[in-house]
Every structure is written in C-alpha cells, then in structure tokens.
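Working notes for the structure below.
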Protein chains: 2
Amino acid sequence: MFCIKPTLLVFMVFIACAYPQSPDGYNLWLGYDKVGKPKLLKEYKDLTNSIYFEDGGEVLKTAKKEMVTGMEKILGTTLNFTEASNTNNTFLIAKTATLETSLKEKMSDDLSEVGSEGFVLKSITHKGKKLFVLAANEDIGILYGVFRLLNLMQQHKDLSTISLVEYPKIDLRMLNHWDNLDRTVERGYAGFSLWNWHKLPEYLDQRYLDYARANASIGINAVSLTNVNANSLILTPMYLEKVSALATVFRPYGIKVYLTARFSAPMEIGGLETADPLDPKVQQWWNNKVNKIYSLIPDFGGFLVKANSEGQPGPQNYGRNHVDGANMMARALQPHNGLVIWRAFVYSEHDPEDRAKQAFSEFVPLDGLFRDNVLIQTKNGAIDFQPREPFHPMFGAMPNTPLMMEFQITQEYLGFSTHLVFLPKLYEEVLDSDTYSKGKGSTVAKVVDGSLDNNKISGMAGVSNIGNDLNWTGHPFAQANWYGFGRLAWDPYISAGTIADEWLRATYSNNPDFIEPVKNMMLNSREAVVNYMNPLGLHHIFDTGHHYGPGPWVHELSRPEWNPTYYHKADTKGIGFNRSNSGSNATGQYAPEVAKTFNDPNTCPEEYLLWFHHLPWDYTLKNGYSLWDGMALKYEEGVDQVEEMIETWNNAQPYITKEQYQEVHMLLKIQLKEAKWWRNACLLYFQTYSQKALPKEVEKSPKSLEYYQSLKFPFAPGIRPQWD
Amino acid sequence: MFCIKPTLLVFMVFIACAYPQSPDGYNLWLGYDKVGKPKLLKEYKDLTNSIYFEDGGEVLKTAKKEMVTGMEKILGTTLNFTEASNTNNTFLIAKTATLETSLKEKMSDDLSEVGSEGFVLKSITHKGKKLFVLAANEDIGILYGVFRLLNLMQQHKDLSTISLVEYPKIDLRMLNHWDNLDRTVERGYAGFSLWNWHKLPEYLDQRYLDYARANASIGINAVSLTNVNANSLILTPMYLEKVSALATVFRPYGIKVYLTARFSAPMEIGGLETADPLDPKVQQWWNNKVNKIYSLIPDFGGFLVKANSEGQPGPQNYGRNHVDGANMMARALQPHNGLVIWRAFVYSEHDPEDRAKQAFSEFVPLDGLFRDNVLIQTKNGAIDFQPREPFHPMFGAMPNTPLMMEFQITQEYLGFSTHLVFLPKLYEEVLDSDTYSKGKGSTVAKVVDGSLDNNKISGMAGVSNIGNDLNWTGHPFAQANWYGFGRLAWDPYISAGTIADEWLRATYSNNPDFIEPVKNMMLNSREAVVNYMNPLGLHHIFDTGHHYGPGPWVHELSRPEWNPTYYHKADTKGIGFNRSNSGSNATGQYAPEVAKTFNDPNTCPEEYLLWFHHLPWDYTLKNGYSLWDGMALKYEEGVDQVEEMIETWNNAQPYITKEQYQEVHMLLKIQLKEAKWWRNACLLYFQTYSQKALPKEVEKSPKSLEYYQSLKFPFAPGIRPQWD
C-alpha cells in the first residue's frame with residue numbers, strides 16, 4: 001500500500017492515458033472529457049449518484065450503454081444503478097408507461113407535448129424529494145434524452161434547475177451519402193466511402209457503430225447510403241444483404257436506411273424492356289423488389305430518387321411526369337410505410353429558359369398530385385449549393401406537398417475539406433428567409449417543418465461530408481457542419497451561434513478565452529468564403545467538373561448552363577444575371593412582396609445583387625464605391641478575413657494540443673493560398689471586361705490570368721465517376 | 001490523501017484509459033504496453049535509470065524522441081537524462097566518434113562489423129561499473145537500435161546480459177506502393193492510398209509520420225510512392241513539390257523516397273515526339289528532370305520502372321532493349337547517387353513461349369551490361385505472386401547483376417485483406433530455396449543479399465498492403481506481413497516462427513497460453529490457403545481482373561496467358577502444365593541439380609507437381625491416393641484448416657479484448673465461406689474433366705458449377721484503374 005494525493009492520482013491517470021490516444025478527431029463531439037471543476041463535478045455526481053434505468057428493447061439498452069460510456073468518462077466514476085423504480089431514486093430514466101402515477105400526472109402536459117421522439121429532462125421536487133428525471137413516451141426519446149444530457153454536461157451546464165421539454169420539429173432528419181459502390185464518393189473530400197461493400201455483410205466495421213452513435217447523438221434518424229447518381233446493383237440480392245447488415249447496426253440507434261433507386265433498374269437488373277411507370281410489368285417489378293427489401297429489412301425507410309436530372313433516367317423518358325414516377329414507387333412502398341423522396345433538382349440543356357426557373361416550372365404545377373408518402377426534396381437555392389443563393393422559390397409555392405430541404409454539408413462549392421467554413425450560418429440564413437407565401441413570417445423553416453401548411457410529414461436532408469478519413473470529415477471544423485446540420489434538422493430555429501458554442505465545448509474546450517474568439521471565427525467564416533469566391537451575388541464561376549478553384553472564363557462546355565459565363569454574363573458594360581422582371585423574371589416565381597424587393601437593385605439585398613441584376617461596372621453600391629471597386633474590395637476582404645482566422649487560431653494555441661493546433665493551422669494556410677488564388681484569378685479575368693484599375697487596397701496578383709487559366713487538376717477529389 | 005493498493009491503481013488507470021482509445025490496430029506493433037511483471041519492470045528501470053543520449057541531427061533527435069515515447073509507456077515512468085557523457089551513466093547511447101576512448105577500443109570489433117546502419121546493444125562491465133550501451137557508427141544505427149531495444153522490451157526479453165551486434169544484411173529495404181494519383185490502390189485491399197495528394201504539400205497528415213515510424217521500427221529505408229503502372233504527372237513540378245513534402249516527413253526516419261517513372265514521360269509531359277532512350281533530346285530531358293527532382297529532394301532515392309510489361313511503354317517500343325532504357329536513366333541519376341530499379345516482370349502475348357520462361361529469356365543474356373546503379377527487381381516466382389511458386393530461375397542466373405527480390409505483401413492472390421495468411425512462411429520458403437548456382441547452399445537469400453556473388457548493392461522490395469483503413473492493412477493479422485517483410489529485408493535468415501513470436505508479443509500479449517496456439521495458427525495459415533486455392537502446384541486459376549475467388553473455367557480472354565485454362569491445362573486425361581524437359585522445358589532455366597529434381601514427377605516436390613507436370617487423373621501420389629482424390633482431399637484440408645483457425649481464435653478470447661476477438665472472428669468467418677467457395681467451384685469444374693466421384697471425406701457443394709460461374713464482382717477492390 002502506498003499513499004498519494006487525489007490530485008496526483010488524476011495526474012498519473014492523465015499521464016498514463018496520454019499515449020496511445022485516438023488519432024485526433026476520431027471521437028468527434030463525443031470525446032467526453034472529464035469535468036475538471038470540483039464544484040460542478042460534485043453537482044453532477046449528486047444528481048446521478050443513484051440511477052434507475054428502465055429495462056427494455058435494444059434502443060433502450062443502447063441508451064443505457066451510451067449513458068454509462070459517456071457519464072463514466074465525464075464524471076470519472078462508475079455509475080450506480082438500482083433495480084427497482086421508485087421515487088426515492090435520485091435519477092430516474094423511464095418511459096411514460098412505467099412512471100409512478102402521481103409523477104406521470106405531474107409530467108403529463110410535458111409528455112404529451114414531446115410526442116414519440118421527444119423527451120422531458122427535469123430536476124423536480126416530488127413528494128418532498130428532489131428528483132432528476134428523464135422521461136419519454138418511446139425508447140428513442142430516452143436515447144435522444146441521454147445524448148442531450150451528456151451534451152449538456154460536456155458544456156458544463158447547470159443541471160440543478162433544468163427543465164427541458166424537447167422534441168424534433170422535423171420528422172425526417174436525414175443524411176444523403178453520395179457514395180458509389182466502388183467506394184469513391186461524388187463530391188466527397190474526406191477520403192472514401194465508409195461502406196466497405198466488399199467485406200459486408202459479415203464484417204461490421206467499428207466505424208459503422210461509431211457513425212450511428214454520432215448521428216443519434218444529434219437526432220439524425222435516416223440515412224441514404226448510396227449516390228443519387230445511382231447504380232442499380234444496390235438493389236440486387238447480393239447488395240441488399242449487405243445493406244441489411246448495415247441496417248442492423250444502425251437500428252439500435254433509431255436510424256433507418258434508405259437507398260437510391262435508379263429509375264431504369266427494371267431494365268438493368270430486372271431484364272424488362274422498359275421502365276415506363278405506367279407499364280404493369282414495371283409496377284409489378286417494383287412491388288416485388290420492395291417486398292424483397294422489406295423481407296430483409298423490416299424497417300427499411302424507402303427510396304431517394306434523382307430522375308430526369310443530369311442524364312439520370314426517369315419517367316420523362318417514357319413521356320410520363322414526376323407524379324407518374326414517384327407515385328408508382330410510392331404505391332409499392334405504401335404497404336410497408338416506406339417513403340419516396342423525389343428530388344426537384346432538374347434542369348434541361350434543351351430548355352432555353354433560365355436554369356434557375358426550371359425546377360419551379362416543372363414541379364409547382366404538380367402540387368397536390370403526389371401520394372401521401374412522397375416528399376419532394378428541394379435544394380436550398382435554385383441553382384446548386386453555391387456559397388450563397390437566395391432561397392429556392394419552390395419553398396412556399398407548393399402548400400399541398402411536403403417539401404424536404406436539401407442542404408449540402410460536403411463543401412463541393414466551398415473549398416472542399418480544406419476551407420474552414422461554418423455552414424450553419426448558411427443554413428440559418430436560408431431557414432430564416434421569409435417566403436411571404438402566407439404573409440410576413442412565412443419563413444422557409446416553417447415550410448420545411450410543415451407548420452406553415454400543416455403537412456403530414458416533414459424532412460431535412462444533408463448531403464454528407466463524411467468519409468473514411470481518421471477524423472471523418474477531412475477538416476476538423478467540418479465536423480461542426482455535420483453536427484450543425486443535425487441540430488438544425490432537429491430544430492430549425494436554433495441559432496448558428498448556439499450550435500458553434502455547443503460544438504466547440506463538446507469538441508475542444510469550455511474555456512471562454514478559447515470559445516469566444518474561435519466562435520467568432522466560425523461565425524464569420526461563411527461570409528469570408530462568399531467574399532473571396534462569389535461576392536455580391538456572383539455564382540457558379542467554379543472551374544469545370546471538379547469545382548476546385550475559380551473558372552469564370554469557362555465558356556465552351558456543350559451544355560450552355562454548365563458554363564460559368566452563363567451565370568456571371570460579364571461584358572464590357574457590366575456584370576450579373578438579369579433575373580428581374582426586365583430579364584428572365586425568375587423573381588416572378590417568388591411571392592409578390594419578395595419579388596418586388598428583388599426586382600429593384602436599390603431594394604435587392606446587395607448580397608444577391610448580381611444574382612438578379614446585370615449592372616454597369618460604375619454602378620454605385622450602398623457604400624459609395626463603384627461596382628468594380630466594391631467587388632474587388634470584397635475579394636480582398638475575403639482574403640483579409642482568412643488572415644484574421646489564422647491569427648485567431650494562433651492565439652488559441654494555449655488551449656489546445658499541439659496536434660490540434662498544427663492540423664488546423666496547416667489547413668488555414670491552404671485556405672489563405674486558395675483565397676488569394678480566387679481573388680487574383682477572378683479579378684484578372686473580370687478586369688478584361690471592366691478595363692479598370694484595381695483599388696489600391698487590393699493586393700496585385702503575382703501571376704498572370706493565363707497562368708491561372710492553365711491550371712489543371714485531373715485528380716482533384718470528388719469527381720463524378722465514369723461508370724454511369 | 002488516501003491510500004490504495006498498487007494493483008488497484010493499475011486497475012484504475014486501466015479503467016480510465018479504456019475509453020477513448022485508439023481504434024483497434026492503429027498503433028500497429030508500437031502499442032508499447034506497460035510491463036506488468038514487477039521483477040522485469042525493475043530490471044528494465046535499473047538498466048535505464050540514468051541515460052546519456054548523444055545530441056545530434058534530426059535522425060538522432062528522432063531516435064531520442066522515439067525512445068522517450070516508447071520507454072515511458074513501457075516503464076510507466078519518466079526517463080532521466082544526464083547532460084554529460086561519462087561511463088558512470090547506466091545507459092549510454094552514443095556514436096562511435098563520441099565514445100570514451102577505452103570503451104571505443106573495447107567495442108571496436110563489434111562497431112566495425114555493424115557498418116553504417118547497424119548498432120551494438122550490450123550490457124557490459126567497464127572499469128568495474130555496469131553499463132548498458134547502445135552504440136553505432138551513424139545516427140541511423142542509433143535509431144534502429146532504439147527501436148530494437150523497445151521491441152525487446154515489448155517481448156519481455158532479459159536485457160541484463162544482452163549482447164547484440166546487429167546490422168542489415170540487405171542494403172535497400174523497400175516498400176513499393178501501387179498507389180494511383182486518384183488514391184485508388186491497384187491490388188489494394190486496405191482502403192485507399194495514404195497519400196492525400198490534393199492536400200499536399202501543405203497538409204501533412206499525422207499518418208505520414210506514423211507510417212514512417214512503423215517502417216523505421218523494422219528497418220525499412222526506402223519507399224516508392226506510386227504505382228508501377230505509372231502516371232507521368234507525378235514527375236511534374238506540382239506533384240514533385242508534394243513528393244518533397246513527404247520526403248521531409250520521412251527523412252528523420254532514414255527513409256528515402258522513390259518514384260515510378262513512366263517511360264513515355266518525355267512525350268506525355270515533356271512535349272517530345274519520342275521516348276527513344278538513345279535520342280539525345282530524350283536523354284537530356286531525363287537529365288533535366290532528375291536535376292530538378294534533386295533540387296527539391298536532395299536525398300531522392302531513384303526510379304522504379306515497369307517497362308514493356310503489360311502494356312506499359314518501354315525501350316522496346318523504339319527497338320531498344322532493357323539495358324538501353326535502364327542505363328539511360330541510370331546515367332541521369334548517377335551524379336546524385338540515385339538508383340534505377342528495373343522490373344523483370346515481362347511477358348508478351350505475342351510470344352508463344354511458356355510465360356514462365358520469358359523474363360529469364362529476356363534478361364539473363366543482359367547480365368553484366370547494366371550500370372552499377374541499376375538493380376533488376378525480380379518477383380519471387382516466374383508467374384505472378386501465386387500462393388505458391390517455385391523460386392524464379394533468374395535468381396542465381398545473373399551473377400553480375402544485383403537482383404532485387406520483389407515480394408507481394410498485399411494479398412492479390414491470397415484472399416485480399418479478408419484471409420488470415422502469414423506471408424513470412426512464403427517468403428522464408430523462397431529465400432531458403434537452393435539455386436545451386438554455385439553448388440549446394442546457393443540459396444536465394446544469398447543471391448538477394450549479394451553475398452553469393454559479392455554484389456555491390458542488394459535490395460528487397462515488398463508490394464505494400466497498406467491503405468487508409470484505421471488499422472492500416474485491413475486485416476489485423478496483415479500487419480504481421482508488413483512487419484515480417486521488414487524483418488526479412490533486414491535479415492533474410494530470420495525464421496517465420498521468430499517473426500510471428502515477436503509480432504504477437506508486440507501486438508497482442510506475452511502470455512504463452514495465447515502465443516503458442518496463435519503462433520501455430522499463423523504458421524499454418526499459408527499452407528491452408530494453398531490447399532483451398534491452389535494445391536499441388538496449381539496456379540493462376542483466379543477469376544479474371546479482380547482475382548477475387550476462383551475462375552478456373554475462364555478461357556476466352558484475348559491474351560492467351562491471362563486465361564486460367566492456360567495454366568492448369570485440365571482435360572479428360574489429366575491436369576497440369578508440362579514444364580519439364582518433355583514439355584516447355586522451363587526446368588532447363590534452373591541449375592542442373594534443380595532441373596533434374598523438377599523434371600521427374602517422382603522427385604519433384606509434390607507442392608510443385610502440377611506446376612511442372614501434366615499428369616493423369618489416376619496418377620498415384622506419395623500418400624497412395626490418386627491425383628484426383630488427393631487434389632480433392634487437399635481442397636478439403638484447406639477448408640478444415642480454416643475451421644481449426646476459428647477454433648484457435650475462439651480459445652484465444654480470454655487473452656484479448658472483445659473488439660480484438662470480434663474483428664478477427666468476423667474475418668475468419670469470411671475466410672471459411674470463401675475457402676468453401678474455392679473448394680466447391682474448383683472441384684466441380686475439374687470434375688467435368690476427371691469424371692470421377694469425390695472422396696467421401698470431401699463435403700459436397702450445395703450449389704452448382706453454373707452458380708459459381710455466374711458470380712460477378714464489378715466493384716471488387718483493387719482493380720486496375722481505367723485511366724492508363
């Protein structure tokens with residue numbers, strides 16, 4: 001026996017654990033550092049020193065396991081569970097049905113509010129005794145409540161007076177993986193697909209489980225495993241067995257699996273001569289296929305479909321429309337409570353109409369014609385996941401159809417996984433936008449969560465930024481975008497600031513000297529990327545195919561609407577796409593109040609100026625600068641903002657490990673290099689039209705326009721596969 | 001203050017560390033578990049309780065850092081370093097030049113023996129004092145000595161009387177990565193390439209460092225980063241900067257970087273109209289390119305070249321030969337001490353000669369014509385990395401040319417990364433083979449290490465099995481093949497058993513109840529895979545392209561020698577390839593003593609029987625069975641051996657974590673399924689020729705031959721990329 005001070009013991013444990021450690025970032029926001037403050041630690045221990053955790057099925061067992069894993073690390077002690085449920089327990093975790101009657105009555109209002117997925121977490125006094133209660137109507141509510149509680153402890157929140165009544169505002173909280181069967185990921189910048197199809201179904205990688213844990217911890221309850229540019233093979237028996245194995249891993253975490261269904265599958269793997277949705281043989285084929293899937297995966301979610309879009313087959317190949325196609329699949333899925341998620345991302349190279357208008361034109365007339373188990377998944381803007389777009393005019397325009405939001409988490413147009421960009425700022429901007437479809441206050445958030453039009457089902461999808469990199473997302477801060485997407489899918493009214501705060505505390509540190517500046521860096525990062533890439537409403541001026549770096553000069557692609565020149569329309573007179581009522585009248589697709597604002601350059605928010613207007617180079621901006629000077633200064637501002645980010649991160653060094661510092665520092669250096677590349681290349685190119693000098697504040701380019709135009713990146717990551 | 005038992009403390013530390021942990025396998029054989037036995041721990045601590053570590057350059061600094069990292073974990077304590085070097089130190093780490101004179105004299109014999117890369121590690125008494133000394137002539141010897149010492153401690157070896165005089169027997173100990181610029185890996189089964197070209201040169205992944213650490217720990221000193229089916233872009237400035245960044249990470253670990261040079265690069269990236277090696281412009285282009293490379297990477301290793309092989313361009317495109325091609329590059333590299341490693345893996349679809357003979361025919365006449373800085377890299381056998389091949393007849397046949405051994409660590413023909421196969425058994429078998437080129441005892445090992453022919457340089461290459469899977473190699477036991485390759489490249493006379501023992505102790509446990517059965521499982525695993533895939537000398541009967549599973553029936557490929565039927569030649573009379581003096585006379589390429597043995601089926605080792613002979617189905621094997629029955633029983637034996645492996649692993653459960661058990665268990669289940677697939681498919685197919693019933697001991701196939709022939713795997717991993 002020997003004697004040591006408790007503090008020394010803690011120190012020894014720290015030393016012993018310092019190595020080996022998880023490679024930085026593998027644990028995501030679930031690192032569960034032990035609480036260091038003695039008073040808070042005591043408070044948490046007192047609250048949880050005797051626990052009743054209701055027995056139950058696999059979801060409830062999972063909840064208990066997660067609570068043990070997390071809380072034992074946070075508290076640095078073993079948890080004590082009691083067998084019997086009674087109100088003498090300090091911490092009571094139970095479903096409504098098993099609550100003691102008087103307690104149930106006391107909580108009945110809250111519990112009826114939280115529905116099937118929510119939970120109530122309260123410190124209460126009941127019959128003169130202090131109780132800490134986590135209650136829910138269903139198992140999954142308990143699981144979400146456990147993760148929420150752990151998250152609050154990670155944030156060092158005071159729990160002694162807590163009264164939380166939480167439930168998801170959106171039904172379907174979904175990740176879309178654009179993962180191919182060869183494990184490449186379209187627009188993936190964090191390595192390759194997590195799904196090791198070759199070793200499935202027998203080999204279940206530990207990452208599948210850790211992926212499910214991370215998703216459940218932020219409320220994600222649905223994942224589509226495969227690329228929307230789909231391969232029919234995923235629907236063959238060999239692959240369905242593999243999908244079933246993944247579904248088995250995800251099930252205890254309340255996550256349902258979806259697949260992308262290639263519309264021509266009945267021909268490619270079914271041997272039929274057509275995929276016409278009105279052909280009875282085709283319908284029968286889908287019915288049989290769906291029945292087969294449900295025999296393997298009883299809780300299969302349904303199909304995500306990209307049809308008649310960018311070369312994908314669809315009902316229009318047979319003279320049918322989206323309703324014909326979607327409803328055919330919906331009929332097959334209905335008996336199993338499966339869903340069809342039909343994407344609205346359509347535009348045609350043969351349609352001379354402004355690409356921004358085409359999806360609205362195709363879909364809005366179909367409002368109300370889709371079956372009840374169909375959702376129309378609509379990108380946040382009318383073009384394609386640009387650093388900034390006005391909200392998609394379809395939101396608010398189809399009151400009788402559930403419109404599912406599609407955000408992109410992977411940074412196709414936002415610097416891949418090398419740029420630090422906090423996307424909840426983008427999501428928040430879209431969700432807060434007012435469609436005016438039912439008057440002022442008809443925000444996109446209310447359309448998406450179904451409250452505006454009282455839809456029966458609602459959904460939000462995020463195109464995943466997850467790959468097999470050790471830290472999952474390539475950039476450590478890109479984890480915050482996965483986290484933030486999940487939080488907003490749970491509650492589209494949470495602020496980006498709150499999300500950044502939560503994530504930083506759970507991931508790095510609770511030290512306010514770290515949190516405040518780094519949070520500000522995150523919150524400003526999205527405006528920085530807009531500034532150095534696409535300021536003042538510019539959009540889609542990325543280099544072709546890979547979308548890596550600037551390519552505003554590209555104009556020779558066969559499809560007109562794939563050329564950046566289509567979007568910026570720079571000429572000697574000016575720049576911008578006239579989508580006002582004097583131009584393509586894309587503004588006419590919005591509610592009159594919105595259209596009016598956008599139509600007039602004087603009322604149009606300047607961040608959308610060149611989205612809606614073609615303006616002369618000497619047009620005067622609100623700050624008094626000419627359009628040319630103002631644009632150049634915006635580019636410079638973006639670069640300067642990245643310099644500031646580097647400084648902020650340098651100042652954060654004392655609060656993080658050397659490896660954590662170094663990793664982000666290296667990435668910020670790349671971001672700065674590429675921000676300058678954007679500024680230089682775009683300004684040199686646009687200068688050939690404006691014929692004006694740069695303002696003195698703008699750094700001159702060390703290289704020529706020809707140099708930037710000569711750059712080629714044949715192996716840039718995330719390029720579309722060749723096999724489809 | 002409170003008091004606890006030391007054992008309890010250990011337990012508490014264990015609990016506290018249990019989570020988060022490195023995902024299983026990330027630490028490879030460098031986990032450095034703390035020594036649990038108190039007596040041994042004390043011995044180690046006494047040996048090292050005061051340390052003098054000579055100051056020096058980055059390699060020496062690295063050695064010190066590695067010693068601190070490893071030993072502090074193994075001993076669970078902080079190391080004490082003293083500033084001054086004197087013989088009162090317990091543990092002295094120094095180079096020859098700084099050793100105190102009398103000590104230097106005492107060790108001079110040893111130190112002159114170990115050359116520039118070796119080291120001496122001794123417990124000695126000097127001037128009446130006990131000393132523990134690690135000495136070397138160069139920094140790199142100290143680094144290797146540190147890793148060796150840590151390895152011995154991991155194995156719980158007694159160090160009190162140690163006297164180790166070690167140096168590498170082979171100069172060039174090299175990994176060949178078949179990694180493409182898009183991060184796919186040809187024949188890679190552990191995820192995708194470690195090299196994240198997109199984020200290089202700025203972003204240096206922690207894995208690059210950990211990769212270098214692992215390699216240096218087993219003595220690997222050279223890596224070729226790119227696929228031998230090469231892409232010229234790697235030689236462009238943009239990529240060379242990225243290569244330089246990797247070289248900077250590897251340099252402190254004594255590892256040099258090599259690149260694969262595409263022979264047609266002067267045309268593809270140089271704008272020349274020819275790549276003729278005798279054209280002065282081509283020669284100048286390579287000179288300039290090499291100078292440019294060395295300006296970025298002063299210690300660049302050289303080029304690895306696959307020329308005129310499987311469609312790759314080469315000197316023969318211009319009517320020149322391998323000497324012309326290799327020597328041109330060698331002249332460019334010579335001023336920088338760079339090397340050309342020229343592969344001998346050549347065969348032509350237009351040559352009607354037995355493919356097994358073609359490399360010998362092309363290269364042996366060139367013996368002595370290559371420049372001093374050229375090595376000819378020769379696969380271990382004359383076909384292509386089969387589960388078993390007789391040694392390549394070129395070994396021993398080119399005494400005036402350094403023949404570099406090329407082993408495959410990645411399991412292209414050995415079940416990918418799902419089959420547990422301990423490859424040092426295969427390597428050992430090849431290295432121990434007697435070429436008889438200078439009489440009995442002229443083993444392949446002596447050819448490769450240069451001792452037989454007194455070559456000026458020697459080398460061994462292993463085609464890497466490393467990818468970005470969390471555990472690096474896909475299968476945890478495939479780490480042992482990386483480890484074992486390195487150990488054999490360091491010393492080709494170490495036994496496979498010793499390697500298995502070392503690796504198990506460093507990776508899993510020192511418990512003999514674990515070690516003995518699991519070591520036996522490893523040592524028997526290679527024979528198991530031969531049995532269930534390619535018994536009795538059968539070879540290359542894999543399914544086309546991906547080489548996943550059996551395809552003995554494939555016969556319609558355009559190149560005759562790519563068809564499995566070319567190799568097994570089964571017909572109603574019998575099976576096997578007659579390469580004896582009555583057939584293709586491939587045996588004639590061996591020394592007369594070897595040829596004689598192989599020519600006669602009665603003296604030919606039965607493991608090579610069908611490699612060299614076409615024999616009737618009722619030919620009697622040494623065990624008395626007919627060839628048909630004996631072959632069938634071999635297939636069955638292979639399956640039975642996998643069943644035994646599963647049982648062995650089940651019995652190992654008490655000694656490992658649940659995750660460690662589960663991971664390998666799942667993989668063994670796949671191995672069993674696939675072993676049965678091999679047995680069933682091959683026997684059903686060969687039965688169509690033999691027309692004989694299976695012996696009763698052989699389990700009947702539940703599926704038909706047609707079923708097995710119908711299986712398709714378009715997305716099997718490791719398939720050759722389409723871009724070349």
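Chain labels A, B, ... are given in the sequence in which chains occur in the structure tokens; within each chain residues are numbered consecutively from 1, and ligands are likewise numbered from 1 in the order shown.
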
Just list as a PyMOL selection string whatever in stretch 683-721 of chain B DSSP marks as helix (DSSP H, G or I).
chain B and resi 683-690+705-710

Test item: residues at most 10 Å from stretch 278-280 of chain A, only C-alpha atoms, excluding those fewer than 2 positions along its chain, as a count of residues only
14

For A:Val346, find every residue with an atom within 9 Å (counting only C-alpha atoms), except residues of its own chain fewer than 4 positions away, and show them as an mmCIF file with N, CA and C atoms, in the first residue's frame.
data_model
loop_
_atom_site.group_PDB
_atom_site.id
_atom_site.type_symbol
_atom_site.label_atom_id
_atom_site.label_comp_id
_atom_site.auth_asym_id
_atom_site.auth_seq_id
_atom_site.Cartn_x
_atom_site.Cartn_y
_atom_site.Cartn_z
ATOM 1 N N LYS A 306 -33.254 10.461 -57.935
ATOM 2 C CA LYS A 306 -32.882 11.544 -58.844
ATOM 3 C C LYS A 306 -33.296 11.079 -60.238
ATOM 4 N N ALA A 307 -34.309 11.695 -60.784
ATOM 5 C CA ALA A 307 -34.846 11.228 -62.063
ATOM 6 C C ALA A 307 -34.907 12.375 -63.056
ATOM 7 N N ASN A 308 -34.611 12.058 -64.311
ATOM 8 C CA ASN A 308 -34.603 13.080 -65.364
ATOM 9 C C ASN A 308 -33.855 14.329 -64.924
ATOM 10 N N SER A 309 -32.642 14.066 -64.464
ATOM 11 C CA SER A 309 -31.800 15.142 -63.982
ATOM 12 C C SER A 309 -30.366 14.793 -64.312
ATOM 13 N N GLU A 310 -29.693 15.671 -65.013
ATOM 14 C CA GLU A 310 -28.281 15.480 -65.349
ATOM 15 C C GLU A 310 -28.011 14.094 -65.919
ATOM 16 N N ARG A 355 -31.983 28.608 -66.122
ATOM 17 C CA ARG A 355 -31.930 27.369 -65.342
ATOM 18 C C ARG A 355 -32.556 27.539 -63.967
ATOM 19 N N GLN A 358 -36.307 26.536 -63.833
ATOM 20 C CA GLN A 358 -36.842 25.310 -64.415
ATOM 21 C C GLN A 358 -37.489 24.345 -63.408
ATOM 22 N N ALA A 359 -36.862 24.163 -62.244
ATOM 23 C CA ALA A 359 -37.429 23.228 -61.271
ATOM 24 C C ALA A 359 -38.825 23.688 -60.837
ATOM 25 N N GLU A 362 -41.360 23.035 -63.484
ATOM 26 C CA GLU A 362 -41.704 21.623 -63.656
ATOM 27 C C GLU A 362 -42.535 21.092 -62.492
#

Identify, with DSSP run on backbone atoms, the residues in stretch 184-274 of chain A assigned to strand (DSSP E or B), and express the list as an mmCIF file with C-alpha atoms, in the first residue's frame.
data_model
loop_
_atom_site.group_PDB
_atom_site.id
_atom_site.type_symbol
_atom_site.label_atom_id
_atom_site.label_comp_id
_atom_site.auth_asym_id
_atom_site.auth_seq_id
_atom_site.Cartn_x
_atom_site.Cartn_y
_atom_site.Cartn_z
ATOM 1 C CA VAL A 185 -17.692 9.495 -53.096
ATOM 2 C CA ALA A 222 -32.397 8.385 -41.572
ATOM 3 C CA VAL A 223 -29.518 7.754 -43.944
ATOM 4 C CA SER A 224 -29.476 7.142 -47.649
ATOM 5 C CA LYS A 256 -33.490 3.860 -40.819
ATOM 6 C CA VAL A 257 -31.751 3.019 -44.040
ATOM 7 C CA TYR A 258 -32.803 4.385 -47.437
ATOM 8 C CA LEU A 259 -31.439 3.551 -50.873
ATOM 9 C CA THR A 260 -31.224 5.479 -54.097
#

Out of A:Gly474, A:Gly271, A:Pro492, A:Gly254, which residue has the shortest atom-to-atom distance to chain B when counting only C-alpha atoms?
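Among the listed residues, the smallest separation from chain B belongs to A:Gly474.
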
Any idea what's packed within 7 Å of B:Val463, counting only C-alpha atoms, ignoring anything in its chain fewer than 5 positions away? Could you give it as an MDAnalysis selection string?
chainID B and resid 175:177 407:410

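All residues of protein, DNA or RNA that reach within 7 Å of A:Lys169, judged by only C-alpha atoms and not counting those fewer than 5 positions away in the chain, are Asp449, Trp490 and Asp491 of chain A.
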
Determine the nearest neighbour of chain A from the options B:Pro237, B:Pro717, B:Gly219, B:Gly462, counting only C-alpha atoms.
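Among the listed residues, the smallest separation from chain A belongs to B:Pro717.
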